[in-house]
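Report on the following structure.
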Amino acid sequence: MKAVCWMGKKQMEVQTVDDPRILNPRDCIVRITSTAICGSDLHLYDGYIPTMMKGDILGHEFMGEVVEIGSAVKKIKVGDRVVVPFTISCGGCHHCSRQEWSCCDNTNPNGALVEALYGYGGAALYGYSHMMGGYAGGQAQYARVPFADVGPIKIEIDIPDEKVLFLSDVFPTGYMAAENCNIERGRSTVAVWGCGPVGQFAIRSAFLLGAAKVIAIDNEPERLHMAEEAGAIGLNDEDDDMLDRLKTLTGGRGPDAAIDAVGMEAHGSTYDNVKQTLKLENDRPFALRQAMRAVRKGGTLSVPGVYSGFVDKIPFGAAFSKGVTMKMGQTHTQRYLRPLLDMIEAGQIDPSFVVTHRVPLTRAPEAYATFAEKKDGCIKVVLDPSC
Amino acid sequence: MPTPNSLKRNIPSHPPTGIASRKGLAPSKIVVTGDKGVKVSRSVTVQKPARPLYAFWRNLENLPQVIKHPVTITVRSPIESHWSVSAPGDRSVEWDALIINDEPDRLIAWRSREASEIANAGTVRFEPAPGDEGTEVTVTLEYNPPGGKAGAALAKLSGEEAGQQVGEMLRRFKALMEAGEIPTTEGQSVGAPQRKNQQ
Ligand SMILES: NC(=O)c1ccc[n+]([C@@H]2O[C@H](COP(=O)([O-])OP(=O)(O)OC[C@H]3O[C@@H](n4cnc5c(N)ncnc54)[C@H](O)[C@@H]3O)[C@@H](O)[C@H]2O)c1
Ligand SMILES: [Zn+2]
Ligand SMILES: [Zn+2]
């Protein structure tokens, strides 16, 4: 089969590799019909995630048809059309039984590696470094999906791939980010840093959860425009008086909740650019610092943006003295599959709004560059593995 | 199950401590002779009652499933087993082990027979976790790093490494008990240059 492989920083390559096979009794094999590139993949592309190896198959947002099942798979059948959540979870551990799917204890074969860094390791992820499990990803024609009965959700109605594909990650991620904001219906103002796909879904989810006002922050005109289409107020992050403008927009109180949907590669700070390049800092937390200072007293900081290690000059005192609640983490994807699919089926949201580029899988390397450089109005790329 | 008499016959110089008494608390320490002993202890909580966990462990021939390093365990009697651990250079390090304490659903303790190449002893304990949260499983392992060839072969297994191996064993045990399988990526699709190495 064809698969997108990581060959080093800014070097993606489409290779012909062996088709996946069942390795464990609870596995299934999915023939992929649609797969996407995520902002998280850009952290790999830019070489900021440790423990990648040349030849690793990328991709964690995919869906398709089940073509083979392992001996212990009971619910999923050959022929089922499924969307696969990016978090690989066992369904049987303490965390899975509490719906904390991204904290699963039992799916990372390299758990010891993460433990050494973070104290404890969570769920493995597809195509996201050896530290995160080393599983082959879904930017390919087929993928091996462990715990087939726990993750994949069946799509039983006739609906195009693009409307359900983002259940695999960015829709639940934006939704959980908004849910973490403790939104009070008709009262809360939510400020969202980053208007990539995660930010876009966070903005729409905040409105679905009843936010009175959403302020969207980015410097890409197309992305701000897409946010404004959802009803948000756009702010350019390059404005010098950004924090003052946020105050003015909130009657001097500040936003009740701040979402950092930017993560470790924020632009805007030369200090962090230099330190990250010299590997003196893992992450560039510019948006995180702003969000921490901007949020109101007693407010909530919700962080879906990915951070990998040590960050500098975090204004912890600001968070402390304002009594801020912080919520963060990889998305508990499985928790949101059913409720969000119901919302899609009920017509409350059509996630395909975010797609700007559709390209054959074979052109993935250029698509990565286009998405990374935000060329050509690129916000979300869907890859077609059939050609 | 063996009677106390048969036990005595099997282990003339080391009478079993508590194997016949199901009630008595197990000794908290197992002592390996000599003062160079390495001791490691690791714990994991498994979302299962003690019974199936103990049952898995008590059948020692199950253990190679959860020990990552290649090892063969042959059970010779209810309390005797033979262990063979592969070592570098087509070698193996072998010893005979005896179960010296066995409290169903609570504890198993073992030690190597005298004159083993690598003197070792250990316990595994099963204790209820607070609040109906399954079972806390704690393994304690003690051994004397041997001298000579076996020592060279097993030098790797000392100190922190031994702790990592026990930790890995518990991680795999937990996955097998809770998820029904041990996670793996061995044999999955992969691009070059890893693909070449795999073939
Ligand atoms: N928590 C999870 O489980 C999870 C899941 C998916 C993605 N993510 C993470 O979410 C983040 C966003 O993902 P995405 O797919 O939307 O990525 P993306 O790269 O498309 O979007 C990031 C956006 O942030 C903007 N930005 C950069 N610096 C900024 C600043 N200082 N202020 C305001 N905006 C700024 C960029 O212009 C861009 O539009 C990434 O870190 C990604 O890894 C997390
Ligand atoms: Zn993603
Ligand atoms: Zn789990």
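Residues in the structure tokens are numbered from 1 in each chain, the chains being A, B, ... in the order shown, and ligands are numbered from 1 in the order shown.
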* **Exercise answer, chain B residues close to chain A, 12 Å and only C-alpha atoms, as a VMD selection string** => chain B and resid 44 to 48 68 129 132 to 135 161 163 to 199
Could you give me, as an mmCIF file with N, CA, C and O atoms, in the first residue's frame, each residue of segment 29-164 of chain A that DSSP assigns to strand (DSSP E or B) when run on this structure's backbone?
```
data_model
loop_
_atom_site.group_PDB
_atom_site.id
_atom_site.type_symbol
_atom_site.label_atom_id
_atom_site.label_comp_id
_atom_site.auth_asym_id
_atom_site.auth_seq_id
_atom_site.Cartn_x
_atom_site.Cartn_y
_atom_site.Cartn_z
ATOM 1 N N ILE A 29 -8.511 -4.199 10.669
ATOM 2 C CA ILE A 29 -7.827 -3.475 9.597
ATOM 3 C C ILE A 29 -8.873 -2.643 8.871
ATOM 4 O O ILE A 29 -9.959 -3.137 8.554
ATOM 5 N N VAL A 30 -8.535 -1.372 8.647
ATOM 6 C CA VAL A 30 -9.461 -0.470 7.970
ATOM 7 C C VAL A 30 -8.869 -0.060 6.619
ATOM 8 O O VAL A 30 -7.699 0.303 6.535
ATOM 9 N N ARG A 31 -9.684 -0.167 5.576
ATOM 10 C CA ARG A 31 -9.307 0.395 4.275
ATOM 11 C C ARG A 31 -9.732 1.858 4.309
ATOM 12 O O ARG A 31 -10.915 2.160 4.507
ATOM 13 N N ILE A 32 -8.772 2.751 4.184
ATOM 14 C CA ILE A 32 -9.040 4.159 4.450
ATOM 15 C C ILE A 32 -9.654 4.845 3.232
ATOM 16 O O ILE A 32 -9.158 4.704 2.112
ATOM 17 N N THR A 33 -10.750 5.570 3.497
ATOM 18 C CA THR A 33 -11.408 6.293 2.402
ATOM 19 C C THR A 33 -11.113 7.781 2.455
ATOM 20 O O THR A 33 -11.114 8.449 1.430
ATOM 21 N N SER A 34 -10.859 8.321 3.652
ATOM 22 C CA SER A 34 -10.470 9.728 3.800
ATOM 23 C C SER A 34 -9.548 9.866 4.992
ATOM 24 O O SER A 34 -9.737 9.186 6.005
ATOM 25 N N THR A 35 -8.577 10.769 4.879
ATOM 26 C CA THR A 35 -7.637 10.983 5.974
ATOM 27 C C THR A 35 -7.183 12.441 5.904
ATOM 28 O O THR A 35 -7.170 13.027 4.826
ATOM 29 N N ALA A 36 -6.870 13.037 7.068
ATOM 30 C CA ALA A 36 -6.582 14.468 7.075
ATOM 31 C C ALA A 36 -5.210 14.753 7.676
ATOM 32 O O ALA A 36 -4.614 13.895 8.325
ATOM 33 N N ILE A 37 -4.723 15.966 7.415
ATOM 34 C CA ILE A 37 -3.501 16.427 8.067
ATOM 35 C C ILE A 37 -3.927 17.352 9.202
ATOM 36 O O ILE A 37 -4.788 18.210 9.022
ATOM 37 N N ASP A 56 8.624 6.228 9.788
ATOM 38 C CA ASP A 56 7.372 6.151 10.557
ATOM 39 C C ASP A 56 6.196 6.619 9.688
ATOM 40 O O ASP A 56 6.293 7.640 9.009
ATOM 41 N N ILE A 57 5.106 5.871 9.735
ATOM 42 C CA ILE A 57 3.907 6.236 8.966
ATOM 43 C C ILE A 57 3.073 7.220 9.785
ATOM 44 O O ILE A 57 2.768 6.970 10.946
ATOM 45 N N GLU A 61 -6.009 11.115 11.705
ATOM 46 C CA GLU A 61 -7.406 11.502 11.475
ATOM 47 C C GLU A 61 -7.871 10.743 10.247
ATOM 48 O O GLU A 61 -7.613 11.162 9.126
ATOM 49 N N PHE A 62 -8.530 9.591 10.463
ATOM 50 C CA PHE A 62 -8.895 8.783 9.295
ATOM 51 C C PHE A 62 -10.180 7.999 9.527
ATOM 52 O O PHE A 62 -10.609 7.777 10.652
ATOM 53 N N MET A 63 -10.770 7.587 8.410
ATOM 54 C CA MET A 63 -11.983 6.774 8.445
ATOM 55 C C MET A 63 -11.971 5.838 7.242
ATOM 56 O O MET A 63 -11.166 6.004 6.331
ATOM 57 N N GLY A 64 -12.848 4.867 7.268
ATOM 58 C CA GLY A 64 -12.894 3.945 6.140
ATOM 59 C C GLY A 64 -13.754 2.738 6.427
ATOM 60 O O GLY A 64 -14.670 2.791 7.255
ATOM 61 N N GLU A 65 -13.420 1.642 5.728
ATOM 62 C CA GLU A 65 -14.228 0.442 5.809
ATOM 63 C C GLU A 65 -13.422 -0.673 6.464
ATOM 64 O O GLU A 65 -12.259 -0.896 6.121
ATOM 65 N N VAL A 66 -14.067 -1.389 7.394
ATOM 66 C CA VAL A 66 -13.389 -2.507 8.063
ATOM 67 C C VAL A 66 -13.263 -3.662 7.067
ATOM 68 O O VAL A 66 -14.252 -4.083 6.464
ATOM 69 N N VAL A 67 -12.031 -4.154 6.864
ATOM 70 C CA VAL A 67 -11.845 -5.247 5.903
ATOM 71 C C VAL A 67 -11.396 -6.539 6.565
ATOM 72 O O VAL A 67 -11.408 -7.595 5.948
ATOM 73 N N GLU A 68 -11.006 -6.465 7.832
ATOM 74 C CA GLU A 68 -10.562 -7.677 8.516
ATOM 75 C C GLU A 68 -10.700 -7.433 10.013
ATOM 76 O O GLU A 68 -10.472 -6.311 10.477
ATOM 77 N N ILE A 69 -11.072 -8.472 10.766
ATOM 78 C CA ILE A 69 -11.148 -8.302 12.219
ATOM 79 C C ILE A 69 -10.374 -9.412 12.920
ATOM 80 O O ILE A 69 -10.255 -10.524 12.406
ATOM 81 N N ARG A 81 -18.631 0.798 8.135
ATOM 82 C CA ARG A 81 -17.987 2.076 7.827
ATOM 83 C C ARG A 81 -17.719 2.764 9.160
ATOM 84 O O ARG A 81 -18.641 2.943 9.967
ATOM 85 N N VAL A 82 -16.462 3.110 9.417
ATOM 86 C CA VAL A 82 -16.115 3.628 10.745
ATOM 87 C C VAL A 82 -15.233 4.871 10.673
ATOM 88 O O VAL A 82 -14.470 5.056 9.734
ATOM 89 N N VAL A 83 -15.370 5.711 11.699
ATOM 90 C CA VAL A 83 -14.414 6.783 11.940
ATOM 91 C C VAL A 83 -13.573 6.336 13.145
ATOM 92 O O VAL A 83 -14.115 5.814 14.125
ATOM 93 N N VAL A 84 -12.267 6.527 13.052
ATOM 94 C CA VAL A 84 -11.357 6.028 14.088
ATOM 95 C C VAL A 84 -10.847 7.194 14.942
ATOM 96 O O VAL A 84 -10.269 8.126 14.409
ATOM 97 N N THR A 87 -7.049 8.663 19.661
ATOM 98 C CA THR A 87 -6.536 8.106 20.910
ATOM 99 C C THR A 87 -6.812 6.599 20.936
ATOM 100 O O THR A 87 -7.945 6.181 20.727
ATOM 101 N N ILE A 88 -5.773 5.807 21.182
ATOM 102 C CA ILE A 88 -5.939 4.353 21.223
ATOM 103 C C ILE A 88 -6.166 3.964 22.686
ATOM 104 O O ILE A 88 -5.302 4.185 23.533
ATOM 105 N N ALA A 124 -1.790 5.616 23.791
ATOM 106 C CA ALA A 124 -0.985 5.733 22.580
ATOM 107 C C ALA A 124 -1.798 6.476 21.521
ATOM 108 O O ALA A 124 -3.025 6.527 21.592
ATOM 109 N N LEU A 125 -1.090 7.081 20.569
ATOM 110 C CA LEU A 125 -1.734 7.803 19.475
ATOM 111 C C LEU A 125 -1.222 7.229 18.153
ATOM 112 O O LEU A 125 -0.098 6.749 18.090
ATOM 113 N N TYR A 126 -2.016 7.306 17.123
ATOM 114 C CA TYR A 126 -1.558 6.849 15.801
ATOM 115 C C TYR A 126 -0.527 7.820 15.231
ATOM 116 O O TYR A 126 -0.713 9.047 15.315
ATOM 117 N N TYR A 135 2.770 3.588 16.916
ATOM 118 C CA TYR A 135 1.826 2.939 15.995
ATOM 119 C C TYR A 135 1.863 3.600 14.623
ATOM 120 O O TYR A 135 1.900 4.831 14.518
ATOM 121 N N ALA A 140 -2.528 6.756 4.859
ATOM 122 C CA ALA A 140 -2.145 5.546 4.144
ATOM 123 C C ALA A 140 -3.404 4.950 3.531
ATOM 124 O O ALA A 140 -4.501 5.477 3.724
ATOM 125 N N TYR A 142 -4.346 1.736 4.082
ATOM 126 C CA TYR A 142 -4.922 0.847 5.106
ATOM 127 C C TYR A 142 -4.271 1.171 6.451
ATOM 128 O O TYR A 142 -3.152 1.676 6.499
ATOM 129 N N ALA A 143 -4.965 0.843 7.526
ATOM 130 C CA ALA A 143 -4.356 0.986 8.846
ATOM 131 C C ALA A 143 -4.797 -0.152 9.753
ATOM 132 O O ALA A 143 -5.917 -0.668 9.639
ATOM 133 N N ARG A 144 -3.891 -0.521 10.628
ATOM 134 C CA ARG A 144 -4.233 -1.470 11.687
ATOM 135 C C ARG A 144 -4.791 -0.664 12.857
ATOM 136 O O ARG A 144 -4.163 0.301 13.301
ATOM 137 N N VAL A 145 -5.968 -1.055 13.325
ATOM 138 C CA VAL A 145 -6.648 -0.334 14.410
ATOM 139 C C VAL A 145 -6.784 -1.264 15.616
ATOM 140 O O VAL A 145 -7.576 -2.205 15.585
ATOM 141 N N ILE A 153 -16.202 4.374 15.647
ATOM 142 C CA ILE A 153 -17.662 4.519 15.701
ATOM 143 C C ILE A 153 -18.227 4.224 14.316
ATOM 144 O O ILE A 153 -17.697 4.674 13.304
ATOM 145 N N LYS A 154 -19.306 3.427 14.301
ATOM 146 C CA LYS A 154 -19.946 3.054 13.032
ATOM 147 C C LYS A 154 -20.748 4.225 12.497
ATOM 148 O O LYS A 154 -21.490 4.866 13.244
#
```
Env. residues ligand 1 / 7 Å / only C-alpha atoms and all ligand atoms / as a short mmCIF file (atom, residue, chain, number, x, y, z; two decimals) with C-alpha atoms, in the first residue's frame:
```
data_model
loop_
_atom_site.label_atom_id
_atom_site.label_comp_id
_atom_site.auth_asym_id
_atom_site.auth_seq_id
_atom_site.Cartn_x
_atom_site.Cartn_y
_atom_site.Cartn_z
CA CYS A 38 -3.70 17.93 11.56
CA GLY A 39 -2.00 20.91 13.17
CA SER A 40 -0.42 18.32 15.47
CA ASP A 41 1.26 16.77 12.42
CA LEU A 42 2.96 20.11 11.85
CA HIS A 43 4.83 19.68 15.15
CA ASP A 169 -9.93 14.47 16.33
CA VAL A 170 -10.46 18.18 15.68
CA THR A 173 -10.87 18.48 20.47
CA TRP A 193 -6.22 31.94 20.56
CA GLY A 194 -5.57 30.21 17.25
CA CYS A 195 -8.09 29.88 14.42
CA GLY A 196 -6.79 26.70 12.87
CA PRO A 197 -9.21 23.76 12.69
CA VAL A 198 -9.08 23.21 16.46
CA GLY A 199 -9.84 26.88 17.12
CA ILE A 217 -7.48 35.62 17.80
CA ASP A 218 -5.08 34.86 14.93
CA ASN A 219 -3.19 36.77 12.24
CA GLU A 220 -4.34 34.81 9.20
CA ARG A 223 -8.90 31.99 9.35
CA ASP A 237 -2.77 38.79 17.41
CA ALA A 261 -5.72 26.44 20.48
CA VAL A 262 -2.24 27.39 19.27
CA GLY A 263 0.13 25.16 21.21
CA MET A 264 3.88 24.84 21.12
CA GLU A 265 4.58 26.67 17.87
CA ALA A 266 3.06 30.08 18.54
CA HIS A 267 4.42 32.98 16.56
CA GLY A 268 5.10 36.38 18.05
CA PHE A 286 3.50 32.90 23.50
CA ALA A 287 -0.25 32.43 23.17
CA PRO A 304 -6.11 21.97 23.73
CA GLY A 305 -2.92 23.21 22.02
CA VAL A 306 -0.14 20.65 22.36
CA GLY A 329 -4.80 17.49 27.74
CA GLN A 330 -5.15 15.20 24.80
CA THR A 331 -8.80 14.82 23.93
CA ILE A 379 -6.93 25.66 6.70
#
```
* Asked: Leaving out Glu184 of chain A and any residue of its chain fewer than 4 positions from it, which residues lie within 7 Å of it when counting only C-alpha atoms, given as a count of residues only?
  -> 3
* Check the smallest atom-to-atom distance from each of A:Lys313, A:Cys387, A:Tyr48, A:Cys28 to Gln276 of chain A using only C-alpha atoms, then report the winner. =>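 Of all the options, A:Tyr48 lies closest to Gln276 of chain A.
With only C-alpha atoms as the atoms that count, the minimum distance from Gly122 of chain A to the choices A:Pro385, A:Asp161, A:Cys96, A:Lys213 is reached by A:Cys96.
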* Two-atom distance - atom CA of Tyr128 of chain A, atom CA of Lys9 of chain A (Å) ->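 Interatomic distance, atom CA of Tyr128 of chain A to atom CA of Lys9 of chain A: 14.0 Å.
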* Asked: Per DSSP on the backbone, what are the helix (DSSP H, G or I) residues of segment 173-299 of chain A, as a ChimeraX atom specification?
  -> /A:173-179,197-208,221-229,242-248,270-277,286-294
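Taking atom CA of Ile233 of chain A as the reference point, atom CA of Ala216 of chain A is found at 5.8 Å.
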